[in-house]
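Dropping data.csv in here (CSV, C-alpha atoms):
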chain,number,residue,atom,x,y,z
A,1068,MET,CA,58.4,49.1,72.7
A,1069,CYS,CA,55.0,50.6,71.8
A,1070,GLN,CA,54.2,52.8,74.7
A,1071,ILE,CA,50.4,52.7,74.1
A,1072,SER,CA,50.4,48.9,74.0
A,1073,LYS,CA,52.5,48.8,77.1
A,1074,ARG,CA,49.8,50.7,79.0
A,1075,TYR,CA,47.6,47.6,78.4
A,1076,GLY,CA,50.2,45.0,79.4
A,1077,LYS,CA,51.2,44.1,75.8
A,1078,ARG,CA,54.7,43.9,74.5
A,1079,VAL,CA,54.7,45.1,70.9
A,1080,GLN,CA,57.6,46.4,69.0
A,1081,ALA,CA,57.4,50.2,68.2
A,1082,THR,CA,58.0,51.1,64.5
A,1083,THR,CA,57.1,54.7,64.4
A,1084,VAL,CA,57.6,57.9,66.4
A,1085,HIS,CA,54.3,59.8,66.8
A,1086,HIS,CA,54.2,63.6,67.4
A,1087,ILE,CA,51.4,64.0,70.0
A,1088,PHE,CA,51.0,67.7,69.2
A,1089,PRO,CA,51.1,67.5,65.4
A,1090,ARG,CA,54.3,69.0,64.1
A,1091,GLU,CA,52.7,70.8,61.2
A,1092,GLU,CA,50.5,72.8,63.7
A,1093,PHE,CA,53.0,73.0,66.5
A,1094,PRO,CA,56.5,73.3,65.1
A,1095,ALA,CA,58.0,74.6,68.4
A,1096,TYR,CA,57.1,71.2,70.0
A,1097,ALA,CA,58.2,69.0,67.0
A,1098,TYR,CA,61.3,67.6,68.7
A,1099,SER,CA,60.4,68.1,72.4
A,1100,PRO,CA,60.9,64.7,74.1
A,1101,TRP,CA,57.6,65.0,75.9
A,1102,ASN,CA,55.8,65.4,72.5
A,1103,LEU,CA,57.2,62.2,71.0
A,1104,ILE,CA,56.0,58.7,71.7
A,1105,ALA,CA,57.1,55.4,70.2
A,1106,VAL,CA,54.2,53.3,68.8
A,1107,ALA,CA,53.5,50.3,66.6
A,1108,SER,CA,52.3,51.2,63.1
A,1109,ASP,CA,48.7,50.0,63.8
A,1110,VAL,CA,48.5,52.1,66.9
A,1111,HIS,CA,49.9,55.1,65.0
A,1112,ASP,CA,47.1,54.6,62.4
A,1113,SER,CA,44.6,54.7,65.3
A,1114,LEU,CA,45.9,58.1,66.5
A,1115,HIS,CA,45.3,60.0,63.3
A,1116,CYS,CA,43.5,59.6,59.9
A,1117,ARG,CA,46.1,58.7,57.3
A,1118,GLN,CA,44.2,60.5,54.5
A,1119,SER,CA,43.4,63.8,56.3
A,1120,GLN,CA,46.2,63.7,58.9
A,1121,GLU,CA,43.6,64.9,61.5
A,1122,LEU,CA,43.8,63.4,64.9
A,1123,THR,CA,41.2,60.7,65.8
A,1124,GLU,CA,39.4,60.8,69.1
A,1125,ARG,CA,42.1,58.5,70.5
A,1126,GLY,CA,44.8,60.9,69.3
A,1127,LYS,CA,43.0,63.9,70.8
A,1128,ASP,CA,42.7,62.1,74.1
A,1129,LEU,CA,46.4,61.5,74.1
A,1130,LEU,CA,47.1,65.1,73.3
A,1131,ARG,CA,44.8,66.3,76.1
A,1132,ARG,CA,46.4,63.9,78.7
A,1133,THR,CA,49.9,65.0,77.6
A,1134,ALA,CA,49.0,68.7,77.7
A,1135,ARG,CA,47.7,68.3,81.3
A,1136,LYS,CA,50.8,66.3,82.4
A,1137,HIS,CA,53.2,68.9,81.0
A,1138,GLY,CA,51.3,72.1,81.7
A,1139,LYS,CA,50.5,73.0,78.1
A,1140,THR,CA,47.3,74.6,76.9
A,1141,VAL,CA,44.9,72.4,75.0
A,1142,PRO,CA,44.1,74.1,71.7
A,1143,GLU,CA,40.4,74.8,71.3
A,1144,LYS,CA,40.0,72.4,68.3
A,1145,TYR,CA,41.2,69.5,70.5
A,1146,LYS,CA,39.0,70.1,73.6
As structure tokens, how would this structure be written, given the file I've shared?
Amino acid sequence: MCQISKRYGKRVQATTVHHIFPREEFPAYAYSPWNLIAVASDVHDSLHCRQSQELTERGKDLLRRTARKHGKTVPEKYK
């Protein structure tokens, strides 16, 4: 199930695993369970720009919330 949709009471099948801290920038977190979230493809597209691979505001917000929850430092570029 898409974990983002679930937060809003929707039951949507997840089709993608999203790396909350981008794996290219944070290879040490790439396969940490707390850094992975199952999402639907349209939700995944809303978390980062498909052309540039940069996080959108929604993706940055998820990164900040996850960092706080797991005691990680939020990188300056995502504050």
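Residues with any atom within 12 Å of Phe1093 (chain A), counting only C-alpha atoms and excluding same-chain neighbours fewer than 5 positions away, are His1086, Ile1087, Phe1088, Tyr1098, Ser1099, Asn1102, Leu1130, Lys1139, Thr1140, Val1141 and Pro1142 of chain A.
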Dump as a compact mmCIF listing (two decimals) with C-alpha atoms, keeping the file's coordinate frame all residues having an atom at most 7 Å from (51.5, 53.0, 73.0), computed in the file's coordinates with all atoms listed in the file.
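Once written, result.txt looks like this:
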# COMPACT_ATOMS: atom_id res chain seq x y z
CA CYS A 1069 55.00 50.60 71.80
CA GLN A 1070 54.20 52.80 74.70
CA ILE A 1071 50.40 52.70 74.10
CA SER A 1072 50.40 48.90 74.00
CA LYS A 1073 52.50 48.80 77.10
CA ARG A 1074 49.80 50.70 79.00
CA ALA A 1105 57.10 55.40 70.20
CA VAL A 1106 54.20 53.30 68.80
CA VAL A 1110 48.50 52.10 66.90
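Interatomic distance, CA of Gln1080 (chain A) to CA of Tyr1145 (chain A): 28.4 Å.
Between CA of Glu1091 (chain A) and CA of His1111 (chain A) the interatomic distance comes to 16.4 Å.
The shortest atom-to-atom distance to Gly1138 (chain A), with only C-alpha atoms taken into account, belongs to A:Trp1101 out of A:Ser1108, A:Trp1101, A:Gly1126, A:Tyr1075.
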**Study point:** CA of His1137 (chain A) to CA of Arg1117 (chain A), straight-line distance in Å
**Key:** 26.8 Å
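Using all atoms listed in the file, the protein and nucleic acid residues lying at most 6 Å from the point (54.2, 50.7, 65.1) are A:Ala1081, A:Thr1082, A:Thr1083, A:Val1106, A:Ala1107, A:Ser1108, A:Asp1109.
Checking A:Met1068, A:Lys1146, A:Val1084, A:Gln1118 one by one against Ala1134 (chain A), counting all atoms listed in the file, you find the shortest gap at A:Lys1146.
Minimum atom-to-atom distance to Leu1122 (chain A), evaluated using only C-alpha atoms, belongs to A:Lys1144 out of A:Lys1144, A:Arg1078, A:Leu1103, A:Ala1097.
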Reconstruct N, CA and C atoms of region 1072-1103 of chain A from the incomplete input and present them as a compact mmCIF listing (two decimals), in the frame of the given file.
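Heads up, here's the output in result.txt:
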# COMPACT_ATOMS: atom_id res chain seq x y z
N SER A 1072 50.61 50.33 73.71
CA SER A 1072 50.40 48.90 74.00
C SER A 1072 50.84 48.53 75.38
N LYS A 1073 51.96 49.08 75.77
CA LYS A 1073 52.50 48.80 77.10
C LYS A 1073 51.58 49.17 78.21
N ARG A 1074 50.82 50.24 78.01
CA ARG A 1074 49.80 50.70 79.00
C ARG A 1074 48.80 49.57 79.29
N TYR A 1075 48.60 48.71 78.29
CA TYR A 1075 47.60 47.60 78.40
C TYR A 1075 48.25 46.28 78.63
N GLY A 1076 49.51 46.29 79.04
CA GLY A 1076 50.20 45.00 79.40
C GLY A 1076 50.68 44.24 78.19
N LYS A 1077 50.72 44.84 77.01
CA LYS A 1077 51.20 44.10 75.80
C LYS A 1077 52.57 44.55 75.44
N ARG A 1078 53.34 43.58 74.97
CA ARG A 1078 54.70 43.90 74.50
C ARG A 1078 54.69 43.82 72.98
N VAL A 1079 54.70 45.00 72.36
CA VAL A 1079 54.70 45.10 70.90
C VAL A 1079 55.81 46.02 70.49
N GLN A 1080 56.51 45.63 69.44
CA GLN A 1080 57.60 46.40 69.00
C GLN A 1080 57.14 47.74 68.35
N ALA A 1081 57.75 48.84 68.75
CA ALA A 1081 57.40 50.20 68.20
C ALA A 1081 58.15 50.28 66.82
N THR A 1082 57.47 50.88 65.86
CA THR A 1082 58.00 51.10 64.50
C THR A 1082 58.00 52.52 64.07
N THR A 1083 57.31 53.35 64.85
CA THR A 1083 57.10 54.70 64.40
C THR A 1083 57.18 55.66 65.65
N VAL A 1084 57.61 56.88 65.41
CA VAL A 1084 57.60 57.90 66.40
C VAL A 1084 56.40 58.84 66.10
N HIS A 1085 55.47 58.99 67.03
CA HIS A 1085 54.30 59.80 66.80
C HIS A 1085 54.49 61.17 67.52
N HIS A 1086 54.16 62.26 66.82
CA HIS A 1086 54.20 63.60 67.40
C HIS A 1086 52.77 63.80 68.04
N ILE A 1087 52.70 63.89 69.34
CA ILE A 1087 51.40 64.00 70.00
C ILE A 1087 50.72 65.30 69.65
N PHE A 1088 51.43 66.43 69.75
CA PHE A 1088 51.00 67.70 69.20
C PHE A 1088 51.47 67.69 67.75
N PRO A 1089 50.61 67.65 66.74
CA PRO A 1089 51.10 67.50 65.40
C PRO A 1089 52.12 68.56 64.99
N ARG A 1090 53.20 68.09 64.40
CA ARG A 1090 54.30 69.00 64.10
C ARG A 1090 53.99 70.07 63.10
N GLU A 1091 53.04 69.82 62.21
CA GLU A 1091 52.70 70.80 61.20
C GLU A 1091 51.98 72.03 61.92
N GLU A 1092 51.21 71.76 62.97
CA GLU A 1092 50.50 72.80 63.70
C GLU A 1092 51.33 73.41 64.83
N PHE A 1093 52.25 72.62 65.37
CA PHE A 1093 53.00 73.00 66.50
C PHE A 1093 54.52 72.79 66.32
N PRO A 1094 55.12 73.52 65.37
CA PRO A 1094 56.50 73.30 65.10
C PRO A 1094 57.47 73.49 66.25
N ALA A 1095 57.10 74.32 67.18
CA ALA A 1095 58.00 74.60 68.40
C ALA A 1095 58.06 73.32 69.23
N TYR A 1096 57.07 72.42 69.15
CA TYR A 1096 57.10 71.20 70.00
C TYR A 1096 57.59 69.99 69.18
N ALA A 1097 57.93 70.17 67.92
CA ALA A 1097 58.20 69.00 67.00
C ALA A 1097 59.21 68.03 67.61
N TYR A 1098 60.26 68.49 68.23
CA TYR A 1098 61.30 67.60 68.70
C TYR A 1098 61.44 67.61 70.25
N SER A 1099 60.42 68.12 70.92
CA SER A 1099 60.40 68.10 72.40
C SER A 1099 60.21 66.65 72.84
N PRO A 1100 61.06 66.13 73.70
CA PRO A 1100 60.90 64.70 74.10
C PRO A 1100 59.53 64.38 74.67
N TRP A 1101 58.90 65.31 75.38
CA TRP A 1101 57.60 65.00 75.90
C TRP A 1101 56.50 64.92 74.86
N ASN A 1102 56.78 65.41 73.64
CA ASN A 1102 55.80 65.40 72.50
C ASN A 1102 55.97 64.20 71.62
N LEU A 1103 56.92 63.35 71.89
CA LEU A 1103 57.20 62.20 71.00
C LEU A 1103 56.90 60.91 71.78
